[in-house]
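Have a look at run.pdb; it's PDB, C-alpha atoms:
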ATOM      1  CA  MET A 282      29.761  54.150  81.333
ATOM      2  CA  ALA A 283      28.260  57.385  82.620
ATOM      3  CA  GLU A 284      26.792  58.588  79.334
ATOM      4  CA  ILE A 285      23.360  59.345  80.800
ATOM      5  CA  PRO A 286      23.021  62.437  83.043
ATOM      6  CA  ILE A 287      21.856  62.148  86.667
ATOM      7  CA  ALA A 288      19.068  64.775  86.651
ATOM      8  CA  PRO A 289      16.552  62.678  84.654
ATOM      9  CA  MET A 290      17.059  59.843  87.181
ATOM     10  CA  ALA A 291      15.747  62.045  90.003
ATOM     11  CA  ARG A 292      12.676  62.922  87.893
ATOM     12  CA  ILE A 293      12.005  59.252  87.099
ATOM     13  CA  LEU A 294      12.307  58.377  90.801
ATOM     14  CA  ARG A 295       9.905  61.176  91.747
ATOM     15  CA  LYS A 296       7.386  59.943  89.135
ATOM     16  CA  ALA A 297       7.530  56.570  90.936
ATOM     17  CA  ASN A 298       6.344  58.459  94.061
ATOM     18  CA  ILE A 299       9.759  58.324  95.707
ATOM     19  CA  ASP A 300      10.287  61.610  97.535
ATOM     20  CA  ARG A 301      13.464  60.825  99.429
ATOM     21  CA  VAL A 302      16.352  59.627  97.297
ATOM     22  CA  SER A 303      20.020  59.523  98.222
ATOM     23  CA  ASP A 304      22.527  60.898  95.670
ATOM     24  CA  GLU A 305      24.030  57.424  95.534
ATOM     25  CA  ALA A 306      20.624  55.972  94.605
ATOM     26  CA  ALA A 307      20.240  58.286  91.599
ATOM     27  CA  ALA A 308      23.770  57.407  90.454
ATOM     28  CA  ALA A 309      23.016  53.694  90.962
ATOM     29  CA  LEU A 310      19.881  53.975  88.816
ATOM     30  CA  ARG A 311      21.939  55.645  86.083
ATOM     31  CA  ASP A 312      24.501  52.815  86.196
ATOM     32  CA  VAL A 313      21.818  50.094  86.174
ATOM     33  CA  ILE A 314      19.953  51.470  83.166
ATOM     34  CA  GLU A 315      23.138  52.261  81.277
ATOM     35  CA  GLU A 316      24.198  48.623  81.647
ATOM     36  CA  TYR A 317      20.742  47.534  80.439
ATOM     37  CA  ALA A 318      20.916  49.978  77.487
ATOM     38  CA  THR A 319      24.251  48.449  76.445
ATOM     39  CA  GLU A 320      22.785  44.918  76.576
ATOM     40  CA  VAL A 321      19.772  46.006  74.487
ATOM     41  CA  ALA A 322      22.053  47.769  71.969
ATOM     42  CA  GLU A 323      24.212  44.664  71.554
ATOM     43  CA  ARG A 324      21.191  42.388  71.073
ATOM     44  CA  ALA A 325      19.677  44.893  68.604
ATOM     45  CA  ALA A 326      22.882  44.858  66.524
ATOM     46  CA  LYS A 327      22.696  41.053  66.270
ATOM     47  CA  LEU A 328      19.010  41.221  65.314
ATOM     48  CA  ALA A 329      19.730  43.772  62.552
ATOM     49  CA  ARG A 330      22.466  41.520  61.117
ATOM     50  CA  HIS A 331      20.113  38.560  61.401
ATOM     51  CA  ALA A 332      17.626  40.510  59.252
ATOM     52  CA  GLY A 333      20.355  41.226  56.673
ATOM     53  CA  ARG A 334      20.793  44.905  57.580
ATOM     54  CA  VAL A 335      23.691  47.017  58.826
ATOM     55  CA  THR A 336      21.422  49.854  59.996
ATOM     56  CA  VAL A 337      19.820  49.322  63.390
ATOM     57  CA  LYS A 338      16.126  50.218  63.292
ATOM     58  CA  ALA A 339      13.541  50.845  66.014
ATOM     59  CA  GLU A 340      12.096  47.365  65.396
ATOM     60  CA  ASP A 341      15.466  45.820  66.375
ATOM     61  CA  ILE A 342      15.535  47.796  69.634
ATOM     62  CA  LYS A 343      11.961  46.822  70.506
ATOM     63  CA  LEU A 344      12.655  43.136  69.831
ATOM     64  CA  ALA A 345      15.898  43.308  71.861
ATOM     65  CA  LYS A 346      14.411  44.667  75.076
TER
ATOM     66  CA  MET B  71       8.098  59.497  79.548
ATOM     67  CA  ALA B  72      10.876  61.226  77.633
ATOM     68  CA  GLU B  73      12.935  62.327  80.628
ATOM     69  CA  ILE B  74      16.225  60.986  79.241
ATOM     70  CA  PRO B  75      17.845  62.925  76.338
ATOM     71  CA  ILE B  76      18.501  61.247  72.979
ATOM     72  CA  ALA B  77      22.200  62.156  72.551
ATOM     73  CA  PRO B  78      23.536  59.651  75.127
ATOM     74  CA  MET B  79      21.594  56.886  73.318
ATOM     75  CA  ALA B  80      23.620  57.460  70.148
ATOM     76  CA  ARG B  81      26.859  57.258  72.168
ATOM     77  CA  ILE B  82      25.763  54.021  73.848
ATOM     78  CA  LEU B  83      24.856  52.546  70.451
ATOM     79  CA  ARG B  84      28.233  53.547  69.023
ATOM     80  CA  LYS B  85      30.014  51.923  71.991
ATOM     81  CA  ALA B  86      28.173  48.716  71.030
ATOM     82  CA  ASN B  87      29.892  48.989  67.631
ATOM     83  CA  ILE B  88      26.736  50.120  65.854
ATOM     84  CA  ASP B  89      27.714  52.727  63.276
ATOM     85  CA  ARG B  90      24.441  53.123  61.431
ATOM     86  CA  VAL B  91      21.470  53.983  63.612
ATOM     87  CA  SER B  92      18.136  55.416  62.515
ATOM     88  CA  ASP B  93      16.768  58.385  64.510
ATOM     89  CA  GLU B  94      13.795  56.200  65.381
ATOM     90  CA  ALA B  95      16.152  53.561  66.832
ATOM     91  CA  ALA B  96      17.779  56.041  69.208
ATOM     92  CA  ALA B  97      14.333  57.242  70.318
ATOM     93  CA  ALA B  98      13.204  53.616  70.751
ATOM     94  CA  LEU B  99      16.229  52.877  72.957
ATOM     95  CA  ARG B 100      15.393  55.919  75.080
ATOM     96  CA  ASP B 101      11.782  54.711  75.489
ATOM     97  CA  VAL B 102      12.842  51.138  76.315
ATOM     98  CA  ILE B 103      15.319  52.118  79.011
ATOM     99  CA  GLU B 104      13.006  54.762  80.469
ATOM    100  CA  GLU B 105      10.315  52.085  80.902
ATOM    101  CA  TYR B 106      12.915  49.815  82.549
ATOM    102  CA  ALA B 107      14.097  52.660  84.817
ATOM    103  CA  THR B 108      10.514  53.201  85.989
ATOM    104  CA  GLU B 109      10.111  49.486  86.786
ATOM    105  CA  VAL B 110      13.400  49.471  88.744
ATOM    106  CA  ALA B 111      12.382  52.647  90.630
ATOM    107  CA  GLU B 112       9.032  51.140  91.631
ATOM    108  CA  ARG B 113      10.634  47.883  92.812
ATOM    109  CA  ALA B 114      13.300  49.876  94.723
ATOM    110  CA  ALA B 115      10.599  51.870  96.536
ATOM    111  CA  LYS B 116       8.967  48.626  97.690
ATOM    112  CA  LEU B 117      12.329  47.240  98.812
ATOM    113  CA  ALA B 118      13.077  50.394 100.845
ATOM    114  CA  ARG B 119       9.687  50.142 102.591
ATOM    115  CA  HIS B 120      10.318  46.438 103.168
ATOM    116  CA  ALA B 121      13.555  47.418 104.948
ATOM    117  CA  GLY B 122      11.679  49.948 107.118
ATOM    118  CA  ARG B 123      12.987  53.050 105.337
ATOM    119  CA  VAL B 124      11.378  55.921 103.436
ATOM    120  CA  THR B 125      14.642  56.959 101.786
ATOM    121  CA  VAL B 126      15.597  54.937  98.729
ATOM    122  CA  LYS B 127      19.275  53.964  98.833
ATOM    123  CA  ALA B 128      21.670  52.621  96.201
ATOM    124  CA  GLU B 129      21.327  49.119  97.700
ATOM    125  CA  ASP B 130      17.565  49.188  96.926
ATOM    126  CA  ILE B 131      18.248  50.124  93.297
ATOM    127  CA  LYS B 132      20.870  47.390  92.884
ATOM    128  CA  LEU B 133      18.538  44.759  94.378
ATOM    129  CA  ALA B 134      15.662  45.960  92.171
ATOM    130  CA  LYS B 135      17.409  45.645  88.827
TER
END
Could I get this structure in the form of structure tokens?
Amino acid sequence: MAEIPIAPMARILRKANIDRVSDEAAAALRDVIEEYATEVAERAAKLARHAGRVTVKAEDIKLAK
Amino acid sequence: MAEIPIAPMARILRKANIDRVSDEAAAALRDVIEEYATEVAERAAKLARHAGRVTVKAEDIKLAK
């Protein structure tokens, strides 16, 4: 875990019109989306194999979300 | 969009045992999780207001995922 930096989380929260964010909230958002990214990556790998490929393409990611 | 850098996407994909990833796939993963992050942020803001707060806390993020 903790591959994604915290700073973009604060920008995403501000874009959602959230002005007051605790440090713990930004870290929690990072953890939540990193877990989701891992799930999507694992599904995308299965979809690529299902299509007879070893290379994961954008179409696998989009189908896996 | 495009707040999150691409490099962590490649690391997350490699952790999911994906060795061959197209550049487009890494960018697609970034887009997919950024969209998800925005949805979580918007739900978390509503949950904070529902709890009578203006500050978004980690518990709002976890409930919003």
- Task: Could you check which of B:Arg90, B:Arg119, B:Arg84, B:Arg113 is closest to chain A, using only C-alpha atoms?
- Result: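 Among B:Arg90, B:Arg119, B:Arg84, B:Arg113, it is B:Arg90 that comes nearest to chain A.
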- Task: Please report as a PyMOL selection string which residues of chain A come no farther than 7 Å from chain B, using all atoms listed in the file.
- Result: chain A and resi 284-285+289+293-294+297+299+301-303+305-306+309-310+313-314+318-319+322-323+326+335-339+342-343+346
With 6 Å added on each side, what axis-aligned box encloses every listed atom of stretch 93-112 of chain B? Give the centre and edge lengths in Å to one decimal, as lines of an AutoDock Vina configuration file.
center_x = 13.4
center_y = 53.9
center_z = 78.1
size_x = 20.7
size_y = 20.9
size_z = 39.1
